[in-house]
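Novice: Following this message is one structure expressed as structure tokens.
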Protein chains: 2
Amino acid sequence: MVRQREFDVDKALDAAMQLFWEKGYEATSLSDLTSAMGIQRPSIYSTFGDKKELFEAALRRYTSAHAAGIRAKLQHHPSVKEAFRVFFEGLVEEEYAGTGNRGCFCINTMVELAPHDAKFEILTREHEMYLAAMFQETIEKGLRSGELQAGLDAKALAQTLVVSLIGLTVIMKARPERAFVEHSVETMLSLIK
Amino acid sequence: MVRQREFDVDKALDAAMQLFWEKGYEATSLSDLTSAMGIQRPSIYSTFGDKKELFEAALRRYTSAHAAGIRAKLQHHPSVKEAFRVFFEGLVEEEYAGTGNRGCFCINTMVELAPHDAKFEILTREHEMYLAAMFQETIEKGLRSGELQAGLDAKALAQTLVVSLIGLTVIMKARPERAFVEHSVETMLSLIK
DNA sequence: AGTATATTATACCGATCAGTATATTATGAT
DNA sequence: ATCATAATATACTGATCGGTATAATATACT
């Protein structure tokens with residue numbers, strides 16, 4: 001009965017996500033978006049709404065993929081200590097390997113939009129809280145298995161690791177000497193005992 | 001021989017700093033700046049150069065004041081542990097007291113500009129390295145006085161505290177429950193032993 | 001085949017962007 | 001008092017911004 005959409009909504013949203021992730025909200029123009037997404041301006045508006053709504057959709061796409069990725073990494077090793085070590089060291093390795101340096105889309109948004117837009121304050125907070133909950137679950141698993149020493153405060157430690165993760169991600173944007181972040185990672189990991 | 005400037009360069013730069021600090025580079029327009037600085041557009045260009053140069057001057061002004069402020073706080077207490085405790089707890093108190101929430105201008109710049117502009121990558125990195133050096137000096141003072149236990153790695157700890165400071169500052173933009181950051185601060189401080 | 005409907009492409013909207021040309025005004029030396 | 005100089009205020013530049021009106025195009029049902 002009607003003409004059907006010619007582009008892949010998912011692929012288009014992914015392209016928008018990549019662009020917003022790299023450049024942020026303000027610095028990304030509608031022209032940038034149409035080029036990257038391979039569709040025309042009216043298609044963006046009819047499918048995703050205005051620029052802010054598209055950004056929100058892109059961020060939601062990012063956070064769910066990001067959370068799923070971290071969950072997978074934390075479950076990859078039977079040892080909780082080893083899982084966290086591989087996770088944090090992999091984070092550093094990833095940032096220093098490539099030339100690009102996008103960091104975390106959610107953290108970028110926390111800095112750029114959360115202080116001026118309640119919707120993104122909530123959205124980014126919820127993501128970080130979700131990460132903290134995953135970290136806490138992982139630590140509690142280590143406590144149950146006896147790998148981690150009893151009496152360790154799983155919640156406080158999980159929250160500390162989230163703060164560290166954010167700090168690491170942000171400082172790497174300034175490209176400090178690798179030893180700087182490696183020392184920090186080592187010290188952080190020493191808290192998981 | 002010539003007409004003299006009618007506005008206070010320092011006051012104008014301070015107004016620009018406040019604005020860039022609050023809104024970031026892209027979201028601050030020249031019109032915003034002329035309003036806040038109380039001067040006309042050509043006065044900005046003749047005195048400070050273009051928007052990027054003005055931003056750089058504002059950031060430099062911020063980083064020197066910021067570093068001096070932190071130095072003063074770290075030297076305020078004879079006990080190193082107490083000095084760090086007061087510093088970090090004051091940081092949290094400050095953010096949760098007011099309604100506003102600007103965080104740190106340098107961190108904002110690390111996220112917004114450092115990944116795409118080498119000048120700001122260097123500038124922000126140098127500031128964070130300077131903070132790390134101050135932290136390290138403070139820790140070494142505690143080692144010399146015997147307050148801190150011998151064998152403690154002053155450099156690694158200082159770097160970790162800088163990462164934590166950044167993480168705390170950023171997560172507070174998402175306004176998590178205060179207990180979240182307080183737990184993190186407590187855990188961080190436990191590393192200074 | 002004809003028609004209703006939604007997607008597409010083009011071109012446009014007023015508003016605002018960073019930056020500047022122009023002309024006026026104020027200063028200090030002669 | 002005149003003049004050279006620089007700071008000021010106004011108004012403008014072309015470019016780009018986010019968003020949309022319009023018209024052409026393609027589909028699925030009758």
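Every chain in the structure tokens takes a letter, A first, then B, and so on in the order presented; its residues are numbered from 1, and the ligands are numbered from 1 following the presented order.
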For chain B, work out the contacting residues on chain A at 9 Å, counting only C-alpha atoms, and write them as a count of residues only.

Specialist: 57

Novice: Compute the chain B side of the contact with chain C at 12 Å, counting only C-alpha atoms (C1' of nucleotides), and hand it back as a list in words.

Specialist: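 So the residues of chain B near chain C are Met1, Val2, Arg3, Gln4, Arg5, Glu6, Glu26, Ala27, Thr28, Ser29, Leu30, Ser31, Asp32, Arg41, Pro42, Ser43, Ile44, Tyr45, Ser46, Gly49, Asp50, Lys51 and Lys52 of chain B.
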
Novice: Limited to C-alpha atoms, could you put the picked residues into a file as a PDB file, in the first residue's frame?

Specialist:
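Done, and the output landed in selection_13.pdb:
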```pdb
ATOM      1  CA  MET B   1      49.185  59.427  21.961  1.00  0.00           C
ATOM      2  CA  VAL B   2      46.438  56.844  21.678  1.00  0.00           C
ATOM      3  CA  ARG B   3      43.017  56.243  23.077  1.00  0.00           C
ATOM      4  CA  GLN B   4      43.187  53.920  26.036  1.00  0.00           C
ATOM      5  CA  ARG B   5      41.221  50.763  26.654  1.00  0.00           C
ATOM      6  CA  GLU B   6      37.985  51.324  28.551  1.00  0.00           C
ATOM      7  CA  GLU B  26      31.140  24.953  20.817  1.00  0.00           C
ATOM      8  CA  ALA B  27      28.039  25.918  22.767  1.00  0.00           C
ATOM      9  CA  THR B  28      29.420  29.365  23.597  1.00  0.00           C
ATOM     10  CA  SER B  29      28.816  31.925  20.849  1.00  0.00           C
ATOM     11  CA  LEU B  30      30.542  35.218  20.215  1.00  0.00           C
ATOM     12  CA  SER B  31      27.275  36.929  21.133  1.00  0.00           C
ATOM     13  CA  ASP B  32      27.239  35.131  24.475  1.00  0.00           C
ATOM     14  CA  ARG B  41      33.092  42.024  19.182  1.00  0.00           C
ATOM     15  CA  PRO B  42      36.054  43.908  17.676  1.00  0.00           C
ATOM     16  CA  SER B  43      37.445  44.490  21.167  1.00  0.00           C
ATOM     17  CA  ILE B  44      37.551  40.746  21.701  1.00  0.00           C
ATOM     18  CA  TYR B  45      39.380  40.130  18.440  1.00  0.00           C
ATOM     19  CA  SER B  46      41.874  42.960  18.903  1.00  0.00           C
ATOM     20  CA  GLY B  49      42.462  37.028  18.983  1.00  0.00           C
ATOM     21  CA  ASP B  50      39.837  34.647  17.656  1.00  0.00           C
ATOM     22  CA  LYS B  51      37.467  32.411  19.604  1.00  0.00           C
ATOM     23  CA  LYS B  52      39.962  29.568  20.008  1.00  0.00           C
TER      24      LYS B  52
END
```

Novice: Please build the interface table for chain D against chain B with a cut-off of 9 Å, listing for each qualifying residue the nearest atom pair and the distance in Å to one decimal; count only C-alpha atoms (C1' of nucleotides), order rows by chain and increasing number, and write it as JSON lines.

Specialist:
```
{"residue": "D:DA4", "atom": "C1'", "partner": "B:Met1", "partner_atom": "CA", "distance": 7.6}
{"residue": "D:DT5", "atom": "C1'", "partner": "B:Val2", "partner_atom": "CA", "distance": 5.0}
{"residue": "D:DA6", "atom": "C1'", "partner": "B:Val2", "partner_atom": "CA", "distance": 5.4}
{"residue": "D:DA7", "atom": "C1'", "partner": "B:Arg3", "partner_atom": "CA", "distance": 6.0}
{"residue": "D:DT8", "atom": "C1'", "partner": "B:Ser43", "partner_atom": "CA", "distance": 7.8}
{"residue": "D:DA9", "atom": "C1'", "partner": "B:Gln40", "partner_atom": "CA", "distance": 7.5}
```

Novice: Write out as a count of residues only all residues of region 4-189 of chain A that DSSP puts in alpha helix (DSSP H) for this structure's backbone.

Specialist: 140

Novice: Considering only C-alpha atoms (C1' of nucleotides), return as a PyMOL selection string whatever protein or nucleic-acid residues lie within 8 Å of Leu74 (chain B), sequence-local ones (same chain, fewer than 6 positions apart) excluded.

Specialist: chain B and resi 80+83-84+87+138

Novice: Applying 10 Å and only C-alpha atoms (C1' of nucleotides), which residues near Val9 (chain B) remain after dropping the ones on its own chain fewer than 5 positions away? List them as a ChimeraX atom specification.

Specialist: /B:14-15,37,44,47-48
